[in-house]
file data.cif (mmCIF, C-alpha atoms and all ligand atoms)
data_protein
loop_
_atom_site.label_atom_id
_atom_site.label_comp_id
_atom_site.auth_asym_id
_atom_site.auth_seq_id
_atom_site.Cartn_x
_atom_site.Cartn_y
_atom_site.Cartn_z
CA MET A 1 -15.99 20.88 140.09
CA PRO A 2 -14.57 24.03 141.67
CA VAL A 3 -13.63 26.85 139.30
CA TYR A 4 -11.04 28.26 141.72
CA LYS A 5 -7.86 26.76 143.10
CA ARG A 6 -7.35 29.36 145.81
CA ILE A 7 -9.73 31.88 147.37
CA LEU A 8 -9.53 34.59 149.99
CA LEU A 9 -12.73 34.80 152.02
CA LYS A 10 -13.46 38.03 153.91
CA LEU A 11 -15.97 37.75 156.74
CA SER A 12 -17.12 40.81 158.64
CA GLY A 13 -16.96 40.76 162.40
CA GLU A 14 -20.58 41.89 162.51
CA SER A 15 -21.76 38.80 160.66
CA LEU A 16 -20.40 36.66 163.51
CA MET A 17 -22.84 38.30 165.95
CA GLY A 18 -25.83 36.61 164.32
CA ALA A 19 -28.94 38.01 165.97
CA GLN A 20 -26.99 39.25 168.98
CA LYS A 21 -25.93 42.85 169.62
CA TYR A 22 -22.32 42.05 170.47
CA GLY A 23 -19.76 39.28 170.36
CA LEU A 24 -19.98 35.85 168.83
CA ASP A 25 -22.86 33.56 167.92
CA THR A 26 -21.82 29.89 167.97
CA ALA A 27 -24.57 28.92 165.54
CA VAL A 28 -23.19 31.37 162.95
CA LEU A 29 -19.61 30.18 163.53
CA ASN A 30 -20.66 26.56 163.12
CA SER A 31 -22.65 27.31 159.98
CA TYR A 32 -19.69 29.16 158.44
CA ALA A 33 -17.33 26.36 159.46
CA THR A 34 -19.53 23.72 157.77
CA GLN A 35 -19.60 25.72 154.55
CA ILE A 36 -15.88 26.45 154.58
CA LYS A 37 -15.05 22.80 155.24
CA ALA A 38 -17.18 21.75 152.25
CA VAL A 39 -15.17 24.09 150.03
CA VAL A 40 -11.84 22.80 151.36
CA ASP A 41 -13.03 19.21 150.87
CA SER A 42 -13.72 20.02 147.22
CA GLY A 43 -9.99 20.75 146.83
CA VAL A 44 -9.96 24.56 147.07
CA GLN A 45 -7.24 26.31 149.08
CA VAL A 46 -8.83 28.77 151.49
CA GLY A 47 -7.39 31.86 153.16
CA ILE A 48 -9.67 33.87 155.47
CA VAL A 49 -9.56 37.40 156.86
CA ILE A 50 -12.10 38.30 159.56
CA GLY A 51 -13.15 41.74 160.78
CA GLY A 52 -13.56 42.82 164.37
CA GLY A 53 -16.60 45.10 164.24
CA ASN A 54 -18.63 42.78 166.50
CA ILE A 55 -16.20 43.59 169.31
CA PHE A 56 -14.37 46.87 168.67
CA ARG A 57 -13.75 49.37 165.89
CA GLY A 58 -11.02 52.00 166.19
CA LEU A 59 -13.21 54.81 164.87
CA SER A 60 -16.00 54.16 167.36
CA GLY A 61 -13.34 54.26 170.08
CA VAL A 62 -12.26 57.72 168.91
CA LYS A 63 -15.83 58.93 169.46
CA LYS A 64 -15.52 57.77 173.07
CA GLY A 65 -12.20 59.60 173.49
CA PHE A 66 -9.72 56.83 172.65
CA ASP A 67 -6.51 57.56 170.83
CA ARG A 68 -7.00 56.35 167.22
CA VAL A 69 -3.88 54.22 167.10
CA LYS A 70 -4.72 52.46 170.36
CA GLY A 71 -8.33 52.08 169.26
CA ASP A 72 -7.18 50.49 166.00
CA GLN A 73 -4.88 48.17 167.89
CA MET A 74 -7.86 47.12 169.99
CA GLY A 75 -9.77 46.53 166.76
CA MET A 76 -6.94 44.40 165.40
CA LEU A 77 -6.94 42.34 168.60
CA ALA A 78 -10.70 41.88 168.16
CA THR A 79 -10.01 40.23 164.79
CA VAL A 80 -7.67 37.81 166.56
CA ILE A 81 -10.45 36.80 168.98
CA ASN A 82 -12.79 36.19 166.03
CA SER A 83 -10.12 34.25 164.16
CA LEU A 84 -9.53 31.94 167.12
CA ALA A 85 -13.28 31.40 167.40
CA LEU A 86 -13.56 30.42 163.73
CA GLN A 87 -10.49 28.19 164.00
CA THR A 88 -12.16 26.39 166.91
CA ALA A 89 -15.39 25.97 164.94
CA LEU A 90 -13.50 24.65 161.91
CA GLU A 91 -11.58 22.17 164.02
CA GLY A 92 -14.88 21.11 165.57
CA GLU A 93 -16.08 20.28 162.05
CA GLY A 94 -12.98 18.16 161.48
CA ALA A 95 -11.18 20.69 159.26
CA LYS A 96 -7.54 21.65 159.61
CA ALA A 97 -7.23 25.36 160.44
CA LYS A 98 -4.40 27.61 161.56
CA VAL A 99 -4.32 31.23 162.69
CA LEU A 100 -1.44 33.33 161.38
CA THR A 101 -1.13 36.80 162.85
CA SER A 102 0.02 40.01 161.18
CA ILE A 103 1.54 41.10 164.51
CA ARG A 104 3.88 38.77 166.36
CA MET A 105 1.94 37.11 169.21
CA GLU A 106 3.05 33.50 169.55
CA PRO A 107 1.74 31.16 170.90
CA ILE A 108 -1.66 32.53 169.89
CA GLY A 109 -0.71 32.22 166.24
CA GLU A 110 2.44 32.03 164.16
CA LEU A 111 3.57 35.25 162.46
CA TYR A 112 2.02 35.56 158.98
CA SER A 113 4.21 35.13 155.94
CA LYS A 114 3.20 34.34 152.38
CA ALA A 115 5.42 31.25 152.38
CA LYS A 116 3.84 29.89 155.57
CA ALA A 117 0.32 30.56 154.31
CA LEU A 118 1.01 28.79 151.00
CA GLU A 119 2.64 25.82 152.73
CA LEU A 120 -0.35 25.36 155.06
CA MET A 121 -2.96 25.79 152.33
CA ALA A 122 -1.16 23.27 150.11
CA GLY A 123 -1.63 20.76 152.95
CA GLY A 124 -5.39 21.34 153.03
CA CYS A 125 -5.30 23.63 156.05
CA VAL A 126 -7.54 26.70 156.22
CA VAL A 127 -5.35 29.71 156.94
CA ILE A 128 -7.01 32.46 158.99
CA ILE A 129 -4.96 35.63 158.79
CA ALA A 130 -5.66 37.63 161.94
CA GLY A 131 -4.74 41.12 163.09
CA GLY A 132 -5.71 42.98 159.92
CA THR A 133 -2.73 44.46 158.10
CA GLY A 134 -0.99 44.98 161.44
CA ASN A 135 -1.23 48.75 160.97
CA PRO A 136 -3.64 51.36 162.29
CA TYR A 137 -5.78 53.44 159.90
CA PHE A 138 -6.53 50.39 157.77
CA THR A 139 -9.51 48.06 157.68
CA THR A 140 -9.89 44.33 157.40
CA ASP A 141 -11.29 44.91 153.92
CA THR A 142 -7.87 46.29 153.04
CA ALA A 143 -6.21 43.39 154.87
CA SER A 144 -8.27 40.95 152.79
CA ALA A 145 -7.31 42.74 149.55
CA LEU A 146 -3.64 42.79 150.56
CA ARG A 147 -3.52 39.16 151.66
CA GLY A 148 -5.62 38.05 148.70
CA VAL A 149 -3.15 39.62 146.30
CA GLU A 150 -0.19 38.36 148.31
CA ILE A 151 -1.27 34.71 148.46
CA GLU A 152 -2.24 34.90 144.77
CA ALA A 153 -5.88 34.10 145.37
CA GLU A 154 -7.92 34.08 142.16
CA VAL A 155 -10.84 35.84 143.80
CA LEU A 156 -11.75 37.75 146.94
CA LEU A 157 -15.09 36.56 148.27
CA LYS A 158 -16.67 39.21 150.44
CA GLY A 159 -19.31 37.53 152.56
CA THR A 160 -21.84 40.03 153.84
CA ARG A 161 -25.47 40.19 154.89
CA VAL A 162 -26.45 41.75 151.56
CA ASP A 163 -26.65 39.52 148.50
CA GLY A 164 -24.67 41.73 146.12
CA VAL A 165 -24.04 45.22 144.78
CA TYR A 166 -27.18 47.27 144.04
CA THR A 167 -27.84 50.45 142.03
CA ALA A 168 -28.89 52.04 145.36
CA ASP A 169 -29.37 50.92 148.95
CA PRO A 170 -32.12 48.27 148.60
CA GLU A 171 -33.27 48.92 152.17
CA LYS A 172 -33.96 52.58 151.35
CA ASP A 173 -34.86 52.44 147.65
CA PRO A 174 -37.37 49.74 146.58
CA THR A 175 -36.51 50.32 142.91
CA ALA A 176 -32.86 49.36 143.47
CA THR A 177 -31.66 46.51 141.26
CA LYS A 178 -28.77 44.13 141.74
CA PHE A 179 -25.79 43.86 139.39
CA SER A 180 -24.70 40.35 138.46
CA THR A 181 -21.42 41.78 137.17
CA ILE A 182 -19.99 45.30 137.36
CA THR A 183 -16.58 46.77 136.55
CA PHE A 184 -14.35 48.47 139.12
CA ASP A 185 -14.63 51.69 137.07
CA GLU A 186 -18.42 51.64 137.12
CA VAL A 187 -18.40 51.21 140.89
CA TYR A 188 -16.20 54.35 141.13
CA ASP A 189 -18.34 56.28 138.62
CA ARG A 190 -21.61 55.44 140.36
CA LYS A 191 -20.03 56.02 143.79
CA LEU A 192 -21.25 52.62 144.97
CA LYS A 193 -19.88 51.12 148.15
CA VAL A 194 -18.32 47.69 147.82
CA MET A 195 -15.32 48.09 150.12
CA ASP A 196 -13.45 51.11 151.36
CA LEU A 197 -11.48 52.77 148.58
CA THR A 198 -8.04 51.64 149.80
CA ALA A 199 -9.17 48.01 149.65
CA PHE A 200 -11.08 48.51 146.42
CA THR A 201 -8.17 50.19 144.62
CA MET A 202 -5.79 47.48 145.77
CA CYS A 203 -8.05 44.87 144.13
CA LYS A 204 -8.47 46.88 140.94
CA GLU A 205 -4.78 47.63 140.49
CA ASN A 206 -3.81 44.02 141.09
CA ASP A 207 -6.65 42.62 139.02
CA LEU A 208 -8.19 40.66 141.89
CA PRO A 209 -11.93 40.20 141.22
CA ILE A 210 -14.33 40.56 144.14
CA VAL A 211 -17.55 38.60 144.63
CA VAL A 212 -19.96 40.26 147.06
CA PHE A 213 -22.43 37.69 148.35
CA ASP A 214 -24.70 36.73 151.22
CA MET A 215 -22.75 34.38 153.46
CA ASP A 216 -25.78 33.76 155.67
CA THR A 217 -27.53 31.67 153.03
CA PRO A 218 -26.02 28.23 153.56
CA GLY A 219 -24.67 26.75 150.36
CA ASN A 220 -23.83 30.08 148.70
CA LEU A 221 -20.11 29.73 149.29
CA CYS A 222 -20.01 26.30 147.65
CA LYS A 223 -22.12 27.51 144.75
CA ILE A 224 -19.75 30.41 144.01
CA VAL A 225 -16.75 28.12 144.14
CA ASP A 226 -18.57 25.82 141.69
CA GLY A 227 -19.04 28.74 139.30
CA GLU A 228 -22.71 29.50 139.94
CA PRO A 229 -23.76 33.14 139.50
CA ILE A 230 -24.35 34.07 143.14
CA GLY A 231 -24.00 37.68 144.34
CA THR A 232 -22.21 40.35 142.29
CA VAL A 233 -18.85 39.95 140.57
CA VAL A 234 -16.71 43.10 140.45
CA LYS A 235 -13.86 42.94 137.95
CA ASN A 236 -11.79 44.98 135.50
N1 LIG A 301 -7.97 47.54 162.04
C1 LIG A 301 -6.77 48.22 161.88
N2 LIG A 301 -5.93 47.85 160.87
C2 LIG A 301 -6.21 46.86 160.01
C3 LIG A 301 -7.44 46.19 160.14
C4 LIG A 301 -8.31 46.54 161.17
O1 LIG A 301 -6.48 49.13 162.63
O2 LIG A 301 -5.39 46.57 159.12
C5 LIG A 301 -8.84 47.87 163.18
C6 LIG A 301 -9.74 49.07 162.94
O3 LIG A 301 -9.84 49.78 164.16
C7 LIG A 301 -11.07 48.43 162.60
C8 LIG A 301 -11.08 47.20 163.47
O4 LIG A 301 -9.71 46.78 163.45
O5 LIG A 301 -12.16 49.26 162.91
C9 LIG A 301 -11.96 46.09 163.03
O6 LIG A 301 -11.84 45.86 161.66
P1 LIG A 301 -13.04 46.21 160.63
O7 LIG A 301 -13.72 47.48 161.03
O8 LIG A 301 -12.48 46.14 159.26
O9 LIG A 301 -13.98 44.99 160.89
P2 LIG A 301 -15.38 44.63 160.21
O10 LIG A 301 -16.10 45.90 159.87
O11 LIG A 301 -15.08 43.84 158.96
O12 LIG A 301 -16.07 43.79 161.25
#

call {"tool": "encode", "arguments": {"input": "data.cif", "output": "structure tokens"}}
result
Amino acid sequence: MPVYKRILLKLSGESLMGAQKYGLDTAVLNSYATQIKAVVDSGVQVGIVIGGGNIFRGLSGVKKGFDRVKGDQMGMLATVINSLALQTALEGEGAKAKVLTSIRMEPIGELYSKAKALELMAGGCVVIIAGGTGNPYFTTDTASALRGVEIEAEVLLKGTRVDGVYTADPEKDPTATKFSTITFDEVYDRKLKVMDLTAFTMCKENDLPIVVFDMDTPGNLCKIVDGEPIGTVVKN
């Protein structure tokens, strides 16, 4: 039995690359789609925000001489490409999925509104909210925090390639240990990185818990939704 009625799942753009150096890996998309469909089939309402780092990041554009605002707009468009790819994979699995965009761009996707998102989710449709927040200088982590709070999700599930929050970077420090639960304040105090601070503060101030978990282990998403202690829970 699921412990959540409504979740916001954040997927990084990079995770969609799989073993590739750029772009999209169909095997990863299909694996994510299977897992997401299983969660929807268990009766959970699912909103998704996807990053764009597998295609373009505004800040890396700046290093190459791009204007930041234009670079960020390119990054936001990258999230739309990823969102359409996941929508296609979900539909291929037999799930209902719709892309709503933070910037008006019909017919690619309808403009996002809370009301539209809630209406679709209530009908068992996965809602993929594309285009970040619609503003430059933000990240899709912040978009996921914002949309998570807005659609009144009970939890923000941050799917990454790491299986939780550690005392130190486990790839650099072999003595690093994983937290099963940690408070927002302790994350600040220990200067740990869970999300960028704008996103993190948004979650803390609106009391939206975050679960950081490894999305590449099939079954993890379902387990979290069923209340199993996977990854790290960050809460007040
Ligand atoms: N972006 C933006 N505003 C937003 C969300 C994203 O300008 O509200 C741009 C920004 O340039 C960012 C890029 O989109 O680098 C891709 O998003 P992000 O880096 O968060 O993707 P991820 O790291 O999750 O793949």

call {"tool": "residues_near_ligand", "arguments": {"input": "data.cif", "ligand": "ligand LIG 301 (chain A)", "cutoff": "9 Å", "atoms": "all atoms listed in the file", "output": "PyMOL selection string"}}
result
chain A and resi 10-16+49-61+68-79+102+130-144

call {"tool": "write_last_selection", "arguments": {"input": "data.cif", "atoms": "C-alpha atoms", "output": "mmCIF file, in the coordinates of the input"}}
result
data_model
loop_
_atom_site.group_PDB
_atom_site.id
_atom_site.type_symbol
_atom_site.label_atom_id
_atom_site.label_comp_id
_atom_site.auth_asym_id
_atom_site.auth_seq_id
_atom_site.Cartn_x
_atom_site.Cartn_y
_atom_site.Cartn_z
ATOM 1 C CA LYS A 10 -13.460 38.030 153.910
ATOM 2 C CA LEU A 11 -15.970 37.750 156.740
ATOM 3 C CA SER A 12 -17.120 40.810 158.640
ATOM 4 C CA GLY A 13 -16.960 40.760 162.400
ATOM 5 C CA GLU A 14 -20.580 41.890 162.510
ATOM 6 C CA SER A 15 -21.760 38.800 160.660
ATOM 7 C CA LEU A 16 -20.400 36.660 163.510
ATOM 8 C CA VAL A 49 -9.560 37.400 156.860
ATOM 9 C CA ILE A 50 -12.100 38.300 159.560
ATOM 10 C CA GLY A 51 -13.150 41.740 160.780
ATOM 11 C CA GLY A 52 -13.560 42.820 164.370
ATOM 12 C CA GLY A 53 -16.600 45.100 164.240
ATOM 13 C CA ASN A 54 -18.630 42.780 166.500
ATOM 14 C CA ILE A 55 -16.200 43.590 169.310
ATOM 15 C CA PHE A 56 -14.370 46.870 168.670
ATOM 16 C CA ARG A 57 -13.750 49.370 165.890
ATOM 17 C CA GLY A 58 -11.020 52.000 166.190
ATOM 18 C CA LEU A 59 -13.210 54.810 164.870
ATOM 19 C CA SER A 60 -16.000 54.160 167.360
ATOM 20 C CA GLY A 61 -13.340 54.260 170.080
ATOM 21 C CA ARG A 68 -7.000 56.350 167.220
ATOM 22 C CA VAL A 69 -3.880 54.220 167.100
ATOM 23 C CA LYS A 70 -4.720 52.460 170.360
ATOM 24 C CA GLY A 71 -8.330 52.080 169.260
ATOM 25 C CA ASP A 72 -7.180 50.490 166.000
ATOM 26 C CA GLN A 73 -4.880 48.170 167.890
ATOM 27 C CA MET A 74 -7.860 47.120 169.990
ATOM 28 C CA GLY A 75 -9.770 46.530 166.760
ATOM 29 C CA MET A 76 -6.940 44.400 165.400
ATOM 30 C CA LEU A 77 -6.940 42.340 168.600
ATOM 31 C CA ALA A 78 -10.700 41.880 168.160
ATOM 32 C CA THR A 79 -10.010 40.230 164.790
ATOM 33 C CA SER A 102 0.020 40.010 161.180
ATOM 34 C CA ALA A 130 -5.660 37.630 161.940
ATOM 35 C CA GLY A 131 -4.740 41.120 163.090
ATOM 36 C CA GLY A 132 -5.710 42.980 159.920
ATOM 37 C CA THR A 133 -2.730 44.460 158.100
ATOM 38 C CA GLY A 134 -0.990 44.980 161.440
ATOM 39 C CA ASN A 135 -1.230 48.750 160.970
ATOM 40 C CA PRO A 136 -3.640 51.360 162.290
ATOM 41 C CA TYR A 137 -5.780 53.440 159.900
ATOM 42 C CA PHE A 138 -6.530 50.390 157.770
ATOM 43 C CA THR A 139 -9.510 48.060 157.680
ATOM 44 C CA THR A 140 -9.890 44.330 157.400
ATOM 45 C CA ASP A 141 -11.290 44.910 153.920
ATOM 46 C CA THR A 142 -7.870 46.290 153.040
ATOM 47 C CA ALA A 143 -6.210 43.390 154.870
ATOM 48 C CA SER A 144 -8.270 40.950 152.790
#

call {"tool": "closest_residue", "arguments": {"input": "data.cif", "among": "A:Ser113, A:Gly227, A:Arg161, A:Glu205", "to": "A:Ala19", "atoms": "only C-alpha atoms"}}
result
A:Arg161

call {"tool": "atom_distance", "arguments": {"input": "data.cif", "atom1": "atom CA of A:Lys191", "atom2": "atom CA of A:Asp169"}}
result
11.8 Å

call {"tool": "closest_residue", "arguments": {"input": "data.cif", "among": "A:Asp214, A:Asn236, A:Lys223, A:Val162", "to": "A:Ala38", "atoms": "all atoms listed in the file"}}
result
A:Lys223

call {"tool": "atom_distance", "arguments": {"input": "data.cif", "atom1": "atom CA of A:Leu157", "atom2": "atom CA of A:Leu24"}}
result
21.1 Å
